[in-house]
Each structure stands twice: as C-alpha cells, then as structure tokens.
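For reference, entry_33.cif (mmCIF, C-alpha atoms):
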```
data_structure
loop_
_atom_site.label_atom_id
_atom_site.label_comp_id
_atom_site.auth_asym_id
_atom_site.auth_seq_id
_atom_site.Cartn_x
_atom_site.Cartn_y
_atom_site.Cartn_z
CA MET X 292 22.47 -0.98 31.42
CA THR X 293 20.50 -2.55 28.58
CA LYS X 294 17.69 -0.45 27.20
CA THR X 295 14.31 -1.61 26.00
CA LEU X 296 11.39 -0.03 24.19
CA GLU X 297 8.20 0.62 26.13
CA VAL X 298 4.78 1.34 24.66
CA LYS X 299 3.84 4.33 26.80
CA PHE X 300 1.02 6.01 24.90
CA PRO X 301 -0.69 3.45 22.61
CA ASN X 302 -3.68 5.78 22.27
CA ARG X 303 -1.46 8.18 20.30
CA CYS X 304 -0.71 5.59 17.60
CA VAL X 305 -2.08 6.45 14.13
CA GLY X 306 -1.02 3.16 12.54
CA CYS X 307 1.62 4.63 10.21
CA GLU X 308 3.93 1.65 10.84
CA LEU X 309 7.10 3.77 10.63
CA CYS X 310 8.31 1.95 13.76
CA VAL X 311 7.70 -1.43 12.13
CA PHE X 312 9.76 -0.44 9.09
CA GLU X 313 12.50 1.09 11.29
CA VAL X 314 12.84 -2.23 13.10
CA GLN X 315 13.05 -4.03 9.79
CA ARG X 316 15.75 -1.68 8.49
CA GLN X 317 17.76 -2.38 11.61
CA LEU X 318 17.35 -6.07 10.77
CA ASP X 319 18.56 -5.32 7.22
CA LYS X 320 15.27 -5.90 5.44
CA VAL X 321 12.16 -4.20 4.09
CA GLY X 322 8.80 -5.82 4.76
CA LEU X 323 6.54 -6.87 7.60
CA GLU X 324 7.58 -10.47 8.24
CA GLY X 325 9.64 -11.06 11.37
CA SER X 326 9.39 -7.51 12.71
CA PHE X 327 9.87 -7.07 16.45
CA ILE X 328 6.93 -4.63 16.44
CA ARG X 329 3.45 -5.43 15.18
CA ILE X 330 0.59 -2.97 14.93
CA PHE X 331 -2.97 -4.25 15.18
CA ARG X 332 -6.05 -2.22 14.39
CA ALA X 333 -9.61 -2.70 15.57
CA LYS X 334 -12.79 -0.69 15.49
CA ASN X 335 -14.09 0.21 18.92
CA PRO X 336 -17.71 -1.04 18.85
CA LYS X 337 -18.84 1.79 21.14
CA THR X 338 -17.04 4.82 19.75
CA LYS X 339 -16.71 3.42 16.18
CA ASN X 340 -13.18 4.83 16.18
CA ILE X 341 -10.19 2.86 14.95
CA GLU X 342 -7.87 1.95 17.78
CA PHE X 343 -4.36 0.59 17.47
CA SER X 344 -2.53 -1.79 19.71
CA ILE X 345 1.21 -2.38 19.60
CA GLU X 346 3.04 -5.59 20.40
CA THR X 347 6.79 -5.67 20.89
CA ASP X 348 9.00 -8.72 20.84
CA PRO X 349 11.40 -9.20 23.79
CA HIS X 350 14.27 -9.04 21.28
CA ILE X 351 13.47 -5.38 20.62
CA GLY X 352 16.14 -4.48 23.20
CA ASP X 353 18.79 -5.87 20.86
CA LEU X 354 18.10 -2.97 18.48
CA ASP X 355 18.67 0.78 18.61
CA VAL X 356 15.55 1.56 20.62
CA GLU X 357 16.25 5.29 20.77
CA LYS X 358 16.05 5.39 16.98
CA ILE X 359 12.78 3.45 16.97
CA LYS X 360 11.37 5.79 19.62
CA GLY X 361 12.53 8.79 17.61
CA ILE X 362 10.87 7.82 14.35
CA CYS X 363 7.36 7.70 15.84
CA PRO X 364 5.61 10.94 14.88
CA ASN X 365 3.42 10.94 17.98
CA GLY X 366 5.64 9.90 20.85
CA VAL X 367 4.05 6.50 21.45
CA PHE X 368 7.22 4.94 22.85
CA GLY X 369 9.50 5.45 25.79
CA VAL X 370 12.86 3.88 26.55
CA GLY X 371 13.40 2.06 29.81
CA ALA X 372 15.89 -0.25 31.43
CA LYS X 373 15.65 -3.89 30.52
CA LYS X 374 15.10 -6.24 33.46
CA GLU X 375 17.90 -8.81 33.56
CA MET Q 203 10.30 -8.26 -6.69
CA SER Q 204 11.27 -8.08 -10.32
CA LEU Q 205 13.14 -5.06 -11.65
CA THR Q 206 12.79 -6.08 -15.28
CA ALA Q 207 9.13 -7.00 -15.49
CA LYS Q 208 5.82 -6.18 -13.82
CA LYS Q 209 4.13 -9.02 -11.97
CA ALA Q 210 0.38 -9.18 -11.73
CA LEU Q 211 -1.86 -11.56 -9.83
CA ILE Q 212 -4.65 -12.29 -12.28
CA ILE Q 213 -7.84 -13.56 -10.63
CA GLU Q 214 -10.54 -15.04 -12.84
CA LEU Q 215 -13.63 -14.74 -10.71
CA ASP Q 216 -15.91 -16.87 -12.87
CA LYS Q 217 -13.47 -19.82 -12.81
CA LYS Q 218 -12.29 -19.15 -9.25
CA ARG Q 219 -8.73 -19.38 -10.52
CA ALA Q 220 -5.64 -17.25 -9.98
CA ASP Q 221 -2.29 -17.04 -11.76
CA VAL Q 222 0.75 -14.80 -11.56
CA LYS Q 223 1.73 -13.30 -14.88
CA SER Q 224 4.91 -11.45 -15.69
CA PHE Q 225 4.85 -8.61 -18.22
CA SER Q 226 8.38 -7.83 -19.35
CA ASP Q 227 7.29 -5.07 -21.72
CA PHE Q 228 5.20 -3.15 -19.15
CA ASN Q 229 8.12 -1.66 -17.21
CA LYS Q 230 7.84 1.60 -19.12
CA TYR Q 231 4.45 2.20 -17.48
CA ILE Q 232 6.35 2.46 -14.13
CA GLY Q 233 3.44 1.43 -11.87
CA GLY Q 234 0.25 2.70 -10.27
CA VAL Q 235 -2.06 4.35 -12.77
CA GLY Q 236 0.37 3.82 -15.69
CA LEU Q 237 0.58 0.08 -15.11
CA GLY Q 238 -3.08 -0.06 -14.08
CA LEU Q 239 -4.27 1.45 -17.34
CA LYS Q 240 -2.08 -0.86 -19.40
CA LEU Q 241 -3.43 -3.92 -17.58
CA PHE Q 242 -6.94 -2.52 -17.91
CA GLN Q 243 -6.43 -2.23 -21.67
CA THR Q 244 -4.92 -5.74 -21.85
CA TYR Q 245 -7.91 -7.34 -20.13
CA PHE Q 246 -10.54 -4.86 -21.34
CA ASP Q 247 -12.94 -7.56 -22.60
CA GLU Q 248 -13.12 -9.16 -19.15
CA GLU Q 249 -14.25 -5.98 -17.37
CA PRO Q 250 -11.19 -5.70 -15.12
CA ILE Q 251 -10.68 -3.95 -11.82
CA VAL Q 252 -6.96 -3.27 -11.49
CA PHE Q 253 -5.34 -2.57 -8.12
CA SER Q 254 -1.76 -1.48 -8.75
CA ILE Q 255 1.16 -0.02 -6.86
CA GLY Q 256 4.39 1.66 -7.87
CA PRO Q 257 8.09 0.96 -7.39
CA LEU Q 258 8.36 3.14 -4.27
CA ASN Q 259 5.44 1.69 -2.29
CA GLY Q 260 6.64 -0.20 0.78
CA PHE Q 261 10.14 1.23 0.42
CA PHE Q 262 9.81 4.98 0.90
CA PRO Q 263 7.80 7.34 3.11
CA PHE Q 264 4.63 8.93 1.76
CA ALA Q 265 4.37 6.42 -1.14
CA SER Q 266 1.28 5.03 0.48
CA LYS Q 267 -1.54 4.87 -2.03
CA THR Q 268 -2.95 2.11 -4.20
CA SER Q 269 -4.25 2.95 -7.67
CA VAL Q 270 -7.56 1.41 -8.71
CA VAL Q 271 -8.49 1.53 -12.40
CA LEU Q 272 -11.94 0.46 -13.51
CA ASP Q 273 -14.68 1.21 -15.96
CA ASN Q 274 -17.65 3.20 -14.70
CA ALA Q 275 -20.49 3.23 -17.23
CA GLY Q 276 -18.09 3.57 -20.14
CA VAL Q 277 -15.69 5.99 -18.45
CA ILE Q 278 -12.28 4.81 -17.26
CA GLU Q 279 -11.76 5.99 -13.70
CA ASP Q 280 -8.61 6.05 -11.58
CA LEU Q 281 -9.12 6.06 -7.82
CA TYR Q 282 -6.52 6.12 -5.07
CA LEU Q 283 -6.99 4.26 -1.81
CA GLY Q 284 -4.96 4.97 1.30
CA GLY Q 285 -4.48 2.72 4.33
CA THR Q 286 -2.21 -0.29 4.34
CA LEU Q 287 -3.16 -1.87 1.01
CA SER Q 288 -0.18 -0.62 -1.01
CA THR Q 289 2.38 -2.10 1.38
CA ARG Q 290 0.51 -5.41 1.58
CA ILE Q 291 0.42 -5.72 -2.21
CA LYS Q 292 4.15 -4.89 -2.34
CA PHE Q 293 4.97 -7.49 0.29
CA ALA Q 294 2.71 -10.01 -1.46
CA GLY Q 295 5.36 -9.81 -4.17
CA VAL Q 296 3.28 -8.37 -7.01
CA ASP Q 297 2.81 -5.00 -8.69
CA ALA Q 298 -0.88 -5.45 -9.36
CA ILE Q 299 -3.97 -7.49 -8.59
CA VAL Q 300 -6.39 -7.80 -11.50
CA LEU Q 301 -9.95 -9.01 -10.97
CA LEU Q 302 -11.61 -10.38 -14.11
CA GLY Q 303 -15.14 -11.47 -14.92
CA LYS Q 304 -17.87 -12.13 -12.38
CA ALA Q 305 -17.98 -14.62 -9.53
CA PRO Q 306 -20.80 -17.19 -9.74
CA GLN Q 307 -21.79 -16.42 -6.13
CA LYS Q 308 -20.94 -13.69 -3.68
CA LEU Q 309 -17.52 -14.34 -2.19
CA ILE Q 310 -14.54 -12.92 -0.35
CA LEU Q 311 -11.07 -13.10 -1.90
CA ASN Q 312 -8.41 -14.19 0.55
CA ILE Q 313 -5.00 -13.39 -0.92
CA ARG Q 314 -1.82 -14.43 0.86
CA ASN Q 315 1.15 -13.44 -1.26
CA THR Q 316 0.19 -15.04 -4.56
CA ASP Q 317 -2.06 -17.77 -3.15
CA VAL Q 318 -5.76 -17.07 -3.44
CA THR Q 319 -8.69 -18.80 -1.77
CA PHE Q 320 -12.31 -18.00 -2.49
CA GLU Q 321 -14.26 -17.77 0.77
CA GLU Q 322 -18.00 -17.83 1.42
CA GLU Q 323 -19.70 -14.46 1.58
CA ASP Q 324 -20.63 -14.85 5.25
CA THR Q 325 -17.01 -15.46 6.33
CA ASN Q 326 -15.77 -12.84 8.78
CA ALA Q 327 -13.19 -11.01 6.67
CA ASN Q 328 -11.50 -9.70 9.80
CA LEU Q 329 -10.52 -13.27 10.68
CA LEU Q 330 -8.83 -13.95 7.34
CA GLY Q 331 -5.15 -13.27 6.63
CA LEU Q 332 -2.43 -12.54 9.15
CA PRO Q 333 -2.97 -9.75 11.71
CA GLY Q 334 -0.47 -6.95 11.33
CA LYS Q 335 0.40 -8.03 7.78
CA ARG Q 336 -2.96 -7.77 6.07
CA SER Q 337 -5.36 -5.26 4.58
CA VAL Q 338 -9.08 -5.90 4.76
CA LEU Q 339 -11.30 -4.39 2.08
CA LYS Q 340 -14.93 -5.18 2.77
CA ARG Q 341 -18.46 -4.01 2.36
CA ALA Q 342 -19.94 -2.07 5.27
CA ASN Q 343 -23.47 -0.88 4.64
CA ASP Q 344 -23.31 0.74 1.19
CA GLU Q 345 -19.60 1.45 1.23
CA ILE Q 346 -16.44 -0.45 0.51
CA ILE Q 347 -14.21 0.18 3.51
CA LEU Q 348 -10.50 -0.56 3.79
CA ASP Q 349 -9.08 -1.35 7.22
CA ASP Q 350 -12.44 -0.29 8.77
CA TYR Q 351 -11.71 3.35 7.90
CA PHE Q 352 -10.47 4.24 4.41
CA THR Q 353 -12.79 4.59 1.45
CA THR Q 354 -13.02 6.25 -1.96
CA GLN Q 355 -14.52 9.57 -3.05
CA GLU Q 356 -17.13 8.06 -5.37
CA ASP Q 357 -19.07 4.78 -5.36
CA PHE Q 358 -17.41 3.33 -8.49
CA LEU Q 359 -15.66 0.55 -6.59
CA GLU Q 360 -18.79 -0.34 -4.61
CA LYS Q 361 -20.80 -0.67 -7.82
CA LYS Q 362 -18.10 -2.79 -9.44
CA PHE Q 363 -17.74 -5.10 -6.45
CA THR Q 364 -21.53 -5.57 -6.40
CA ARG Q 365 -21.58 -6.35 -10.11
CA LYS Q 366 -18.76 -8.88 -9.74
CA ASN Q 367 -20.21 -10.54 -6.61
CA ILE Q 368 -17.21 -9.55 -4.49
CA SER Q 369 -18.05 -8.99 -0.83
CA GLY Q 370 -14.50 -8.42 0.30
CA MET Q 371 -10.80 -8.80 -0.42
CA VAL Q 372 -8.12 -9.54 2.16
CA VAL Q 373 -4.47 -9.14 1.16
CA THR Q 374 -1.62 -10.46 3.31
CA GLY Q 375 2.01 -9.81 2.36
CA THR Q 376 4.91 -11.67 3.99
CA GLU Q 377 7.73 -11.19 1.49
CA THR Q 378 10.80 -9.20 2.55
CA TYR Q 379 13.39 -7.43 0.42
CA LYS Q 380 16.90 -6.12 0.80
CA PRO Q 381 18.09 -3.42 -1.60
CA ALA Q 382 21.68 -4.18 -2.69
CA ASP Q 383 23.11 -0.95 -1.28
CA PHE Q 384 21.21 -1.01 1.99
CA GLY Q 385 23.20 1.82 3.55
CA ARG Q 386 22.45 4.16 0.67
CA TYR Q 387 18.80 3.04 0.70
CA GLN Q 388 18.49 4.01 4.37
CA GLU Q 389 20.19 7.33 3.74
CA ILE Q 390 17.65 8.22 1.05
CA TYR Q 391 14.76 6.94 3.19
CA TYR Q 392 15.62 9.33 6.02
CA ARG Q 393 16.24 12.18 3.57
CA VAL Q 394 12.74 11.76 2.13
CA LEU Q 395 11.19 11.37 5.58
CA SER Q 396 12.85 14.60 6.72
CA GLN Q 397 10.91 16.47 4.04
CA ALA Q 398 7.54 15.97 5.74
CA LYS Q 399 7.38 19.76 6.17
CA LEU Q 400 6.88 20.05 2.40
CA ILE Q 401 3.65 18.08 2.50
CA THR Q 402 0.66 20.30 1.83
CA VAL Q 403 -1.65 18.79 4.40
CA ASN Q 404 -1.71 19.33 8.13
CA LYS Q 405 -0.45 16.67 10.49
CA SER Q 406 -3.27 15.24 12.58
CA VAL Q 407 -4.16 12.21 14.69
CA ASP Q 408 -6.43 10.37 12.28
CA PRO Q 409 -5.60 6.83 11.12
CA SER Q 410 -2.63 7.15 8.81
CA CYS Q 411 -1.62 5.40 5.63
CA SER Q 412 1.20 2.88 5.95
CA ASN Q 413 4.65 4.53 5.81
CA CYS Q 414 3.20 8.04 6.18
CA PRO Q 415 3.48 9.80 9.57
CA MET Q 416 0.97 12.56 8.85
CA GLY Q 417 -2.25 11.01 10.19
CA CYS Q 418 -4.06 13.58 8.06
CA GLU Q 419 -7.81 13.99 7.85
CA LYS Q 420 -7.65 13.88 4.03
CA SER Q 421 -6.45 10.28 3.80
CA ARG Q 422 -9.82 8.70 4.59
CA VAL Q 423 -11.44 9.33 1.21
CA GLY Q 424 -8.38 8.92 -0.99
CA GLU Q 425 -8.16 10.70 -4.33
CA LEU Q 426 -9.70 10.67 -7.79
CA GLY Q 427 -7.56 11.47 -10.86
CA GLY Q 428 -4.58 13.83 -10.74
CA ASN Q 429 -0.81 13.99 -11.37
CA VAL Q 430 0.32 11.09 -13.53
CA LEU Q 431 3.86 10.73 -12.11
CA LEU Q 432 2.74 10.88 -8.48
CA HIS Q 433 0.01 8.37 -9.20
CA SER Q 434 2.35 6.01 -10.98
CA LEU Q 435 4.79 5.92 -8.04
CA VAL Q 436 2.03 5.83 -6.12
CA THR Q 437 2.00 8.78 -3.72
CA CYS Q 438 -0.74 11.26 -2.84
CA SER Q 439 -1.08 14.74 -4.30
CA PHE Q 440 -0.06 16.34 -1.00
CA THR Q 441 3.50 15.07 -1.54
CA GLU Q 442 3.90 16.83 -4.87
CA LYS Q 443 6.66 19.11 -3.59
CA ILE Q 444 8.69 16.03 -2.65
CA TYR Q 445 8.00 13.58 -5.45
CA SER Q 446 7.85 16.03 -8.33
CA ASP Q 447 11.57 16.56 -7.62
CA ILE Q 448 13.01 14.31 -10.31
CA GLY Q 449 16.33 14.10 -8.43
CA ILE Q 450 14.58 12.56 -5.43
CA VAL Q 451 12.57 10.21 -7.63
CA PHE Q 452 15.67 8.97 -9.45
CA SER Q 453 17.59 8.54 -6.20
CA CYS Q 454 14.77 6.35 -4.88
CA LEU Q 455 14.41 4.34 -8.09
CA ASN Q 456 18.15 3.86 -8.61
CA VAL Q 457 18.88 2.63 -5.09
CA LEU Q 458 16.18 -0.01 -5.56
CA GLY Q 459 17.91 -1.11 -8.76
CA TYR Q 460 15.54 0.30 -11.38
CA ASP Q 461 17.22 1.75 -14.46
CA TYR Q 462 14.53 4.21 -15.58
CA THR Q 463 15.79 7.17 -17.57
CA HIS Q 464 14.59 10.77 -17.74
CA GLU Q 465 13.00 9.88 -21.08
CA ASP Q 466 10.98 7.11 -19.41
CA ILE Q 467 9.58 9.62 -16.94
CA GLU Q 468 8.98 12.25 -19.62
CA ASN Q 469 7.26 9.74 -21.94
CA LEU Q 470 4.84 8.46 -19.29
CA PRO Q 471 2.03 11.01 -19.84
CA LYS Q 472 2.17 10.31 -23.58
CA LEU Q 473 1.98 6.54 -23.05
CA ILE Q 474 -1.02 7.00 -20.79
CA GLU Q 475 -2.70 9.29 -23.30
CA GLU Q 476 -2.19 6.64 -26.01
CA ILE Q 477 -3.80 3.96 -23.86
CA LEU Q 478 -6.77 6.19 -23.12
CA GLN Q 479 -7.25 7.02 -26.81
CA LYS Q 480 -7.14 3.34 -27.83
CA THR Q 481 -9.35 2.12 -24.99
CA THR Q 482 -12.14 4.69 -25.06
#
```

Is it possible to express this structure as structure tokens?
Amino acid sequence: MTKTLEVKFPNRCVGCELCVFEVQRQLDKVGLEGSFIRIFRAKNPKTKNIEFSIETDPHIGDLDVEKIKGICPNGVFGVGAKKE
Amino acid sequence: MSLTAKKALIIELDKKRADVKSFSDFNKYIGGVGLGLKLFQTYFDEEPIVFSIGPLNGFFPFASKTSVVLDNAGVIEDLYLGGTLSTRIKFAGVDAIVLLGKAPQKLILNIRNTDVTFEEEDTNANLLGLPGKRSVLKRANDEIILDDYFTTQEDFLEKKFTRKNISGMVVTGTETYKPADFGRYQEIYYRVLSQAKLITVNKSVDPSCSNCPMGCEKSRVGELGGNVLLHSLVTCSFTEKIYSDIGIVFSCLNVLGYDYTHEDIENLPKLIEEILQKTT
C-alpha cells in the first residue's frame, strides 16, 4: 500500500518550515523552490493571530512521508493510504 | 552561493538602482554582524542599513536570525530579526542586502533573488513576491513588522526606514543548493536538530523562525547586541550551548565547503573591535 502525507492539525503549525526543508533534503537539495510542501501565513483579521496553512503536492507520496511526519515538532501531519 | 567571497546586494535608494557586488576579502568576517559591520564601514558615508546572514542560515537548524547593522544617532547598533528573512536572503543567493542613501519618494523594495523593483508606497506588500518563498517587512502603525509578527526590541529600524523613505521590503528567494557531501550534510543536520534540548528557551506554540522548531515566545522581538560568534553565524543567544561548541560549528562549516580555521574564529572579535574603533 502506498502511503501519503495528510495535514491533520494545521492549527498546530508554527511555521518553522522543518517539513519543507525535510522534503527538499529528500529531493537532494536545500532551498524552497520546488518543495512538495509549502507553508503560507496570514493574519486572521478577527483574532489578529498569525495562522498557517499547508499545501502538499500529490507527489509527496513518492517521498519518505513517515520521516516528514516525524520532523514536525507539533504533530501537524498524519500518514494515510494513497488512493490509487 | 560563493565559498570564497561574500556577495552583497547593494541598493542605491536615491538612484533606484541595485547591483550585486562580490567582496573576496570579506570572508574573514564570516557573516552576520561581522560581515554587517564591515559593509557598514565600507559604505559609511551613504548611511547604510545592512541586513546580513551567516554561512549556516538556511542550511542548519536554529540558525534563523538576520543581523541588521545601522547607525542610530551616532551609535552603531546591531539588531537581530527572527522570522523567515534569513532563509529568504540565503535563497536569494546573497550574504547581505545593503540599503544606501534615501529614496526620493516613499517606496517598497521588491527583491526577488538579486532583481529589485521599486514599488509605489501604496502597493500591498503582501501581494508582492512569491507566497511561501518570501519575507514581508512592512510598516504597521509605528512599527516595522516582519511576516506580520516579528519585530525588533528598539525603534532604530523604524526610524531609519522613515528617514530613508522605505515603507516596506519584500524578499523572495528561489535559489537551491546541494552541498557536495550531501549524506554527511544530512547527518550533521539531524545531529544539530537533536540538540534542541540544549536550547535555553521553552518550546511553545508561537510563530517560529524558519528552521527552528521551538515556536518560542522570545522570538517575536529578536535580540539586540550579544555574542559575536553566534551573531556572525547567525543564530540566537538561546542556542549558545549548541553553537558555542566549536566542533559543531566546524562540522557545519566544513560540510558546506568553507575552509575557516580556528584562528579565523578566534580572530573574529578582534576584527570586529577594529572596525568599531575605526568607524566610531
């Protein structure tokens, strides 16, 4: 069964980008360009808090998703089965 | 990324012109506050603001700060901003961004790697650059705010931006790198990351600096002054137990290809002292 990475608790994200850099290392590079995860930040106009949203590329399942899940300090991700 | 020279994006605000300059003899200043002070001295007559990073930013955990060197009423100040700016400057492909002179009108600097456009003051800075790969430094009320959250302990940067007619600065970095011994690089990365327990600040759930998992409540206001080596790399003071270990520092530098020696590290405080004596 092919695994994929699921964003389970986006509200826990602190924007550290460790997951972005983990993806890049698995792709043999250091940087932000071409990462299969992107983190976006926005200020909530009501609460004035910074909120993060996480976008994953469908190709994320080609990588070691357990390792990406494991590097997040706040348990944002889960690992699920990829739909064929 | 050059291992033999420091690259700086020099922005002449009055002429609305930008150039990349390479300084082959500035390597001994390592980066961050060391490099920042040397560039400050070099461009002293043009009232510079120098944003500079170190060799570890973007590559290793906890190396997450950007040094800002500027003059405040005749006193040279070094400030340290958190957030994502250090990684964006690294991935823009430069070691420093130097702002010279004064813009003729209020404007926003839009920097994408080494290309610079000068945008109207009323442009929405949050719409400039590339989402996920940018840092947005802008004025909000009386403060200069980075990424809508991070700021500095004093108002030196706010005053300087006002004086120079800068309403904001957006930096987008899209360069990627591959250290020659990538396996060894990863090994050292995880070794450093595993030392988070040595950091002298509590883990929290506040917005974190890029490449730092702590989410600490201290990151918002950055730092002012402090340890020269840490601030040349550029890390925060809470990582002192990690990055004052010279063995760790050399492992990080060597795997990236830098050939700094122990003497280079030992001489850094003296070099900085010399700059300060000549510039003040």

So what does the PyMOL selection byres ((chain Q) within 6 of (chain X)) actually pick up in this one, as a ChimeraX atom specification?
/Q:334,376,378-380,409-415

Picked residues, the PyMOL selection byres ((chain Q and resi 335-337) around 10), as an MDAnalysis selection string
(chainID X and resid 322:324 329:331) or (chainID Q and resid 285:291 293:294 313:314 327:328 330:334 338:340 348:350 371:376)

Take the residues that were just selected and, keeping C-alpha atoms, output them as a short mmCIF file (atom, residue, chain, number, x, y, z; two decimals), in the frame of the given file.
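What ended up in part.cif:
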```cif
data_model
loop_
_atom_site.label_atom_id
_atom_site.label_comp_id
_atom_site.auth_asym_id
_atom_site.auth_seq_id
_atom_site.Cartn_x
_atom_site.Cartn_y
_atom_site.Cartn_z
CA GLY X 322 8.80 -5.82 4.76
CA LEU X 323 6.54 -6.87 7.60
CA GLU X 324 7.58 -10.47 8.24
CA ARG X 329 3.45 -5.43 15.18
CA ILE X 330 0.59 -2.97 14.93
CA PHE X 331 -2.97 -4.25 15.18
CA GLY Q 285 -4.48 2.72 4.33
CA THR Q 286 -2.21 -0.29 4.34
CA LEU Q 287 -3.16 -1.87 1.01
CA SER Q 288 -0.18 -0.62 -1.01
CA THR Q 289 2.38 -2.10 1.38
CA ARG Q 290 0.51 -5.41 1.58
CA ILE Q 291 0.42 -5.72 -2.21
CA PHE Q 293 4.97 -7.49 0.29
CA ALA Q 294 2.71 -10.01 -1.46
CA ILE Q 313 -5.00 -13.39 -0.92
CA ARG Q 314 -1.82 -14.43 0.86
CA ALA Q 327 -13.19 -11.01 6.67
CA ASN Q 328 -11.50 -9.70 9.80
CA LEU Q 330 -8.83 -13.95 7.34
CA GLY Q 331 -5.15 -13.27 6.63
CA LEU Q 332 -2.43 -12.54 9.15
CA PRO Q 333 -2.97 -9.75 11.71
CA GLY Q 334 -0.47 -6.95 11.33
CA VAL Q 338 -9.08 -5.90 4.76
CA LEU Q 339 -11.30 -4.39 2.08
CA LYS Q 340 -14.93 -5.18 2.77
CA LEU Q 348 -10.50 -0.56 3.79
CA ASP Q 349 -9.08 -1.35 7.22
CA ASP Q 350 -12.44 -0.29 8.77
CA MET Q 371 -10.80 -8.80 -0.42
CA VAL Q 372 -8.12 -9.54 2.16
CA VAL Q 373 -4.47 -9.14 1.16
CA THR Q 374 -1.62 -10.46 3.31
CA GLY Q 375 2.01 -9.81 2.36
CA THR Q 376 4.91 -11.67 3.99
#
```

Surrounding residues of Phe320 of chain Q excluding itself and chain neighbours under 4 positions, 7 Å, only C-alpha atoms, as a PDB file with C-alpha atoms, in the frame of the given file:
```pdb
ATOM      1  CA  LYS Q 218     -12.290 -19.150  -9.250  1.00  0.00           C
ATOM      2  CA  LEU Q 309     -17.520 -14.340  -2.190  1.00  0.00           C
ATOM      3  CA  ILE Q 310     -14.540 -12.920  -0.350  1.00  0.00           C
ATOM      4  CA  LEU Q 311     -11.070 -13.100  -1.900  1.00  0.00           C
ATOM      5  CA  ASN Q 312      -8.410 -14.190   0.550  1.00  0.00           C
TER       6      ASN Q 312
END
```

Using the chain letters and residue numbers of this document, give as a ChimeraX atom specification the residues selected by the PyMOL selection byres ((chain Q and resi 229) around 12).
/Q:204-209,224-228,230-234,236-238,240-241,256-257,297,434,460-463,466-467,470,473

Expressed in Å to a single decimal, how great is the separation between atom CA of Asn404 of chain Q and atom CA of Thr441 of chain Q?
11.8 Å

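Counting from atom CA of Asp357 of chain Q, the distance to atom CA of Gly370 of chain Q is 15.1 Å.
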
Quick one: what's the axis-aligned box for segment 441-444 of chain Q, all listed atoms, 6 Å on every side, centre and edges in Å to one decimal, as AutoDock Vina command-line options?
```
--center_x 6.1 --center_y 17.1 --center_z -3.2 --size_x 17.2 --size_y 16.0 --size_z 15.3
```

For a test of reading the model, state the distance in Å between atom CA of Leu432 of chain Q and atom CA of Ile347 of chain Q, rounded to one decimal.
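Atom CA of Ile347 of chain Q lies at a distance of 23.4 Å from atom CA of Leu432 of chain Q.
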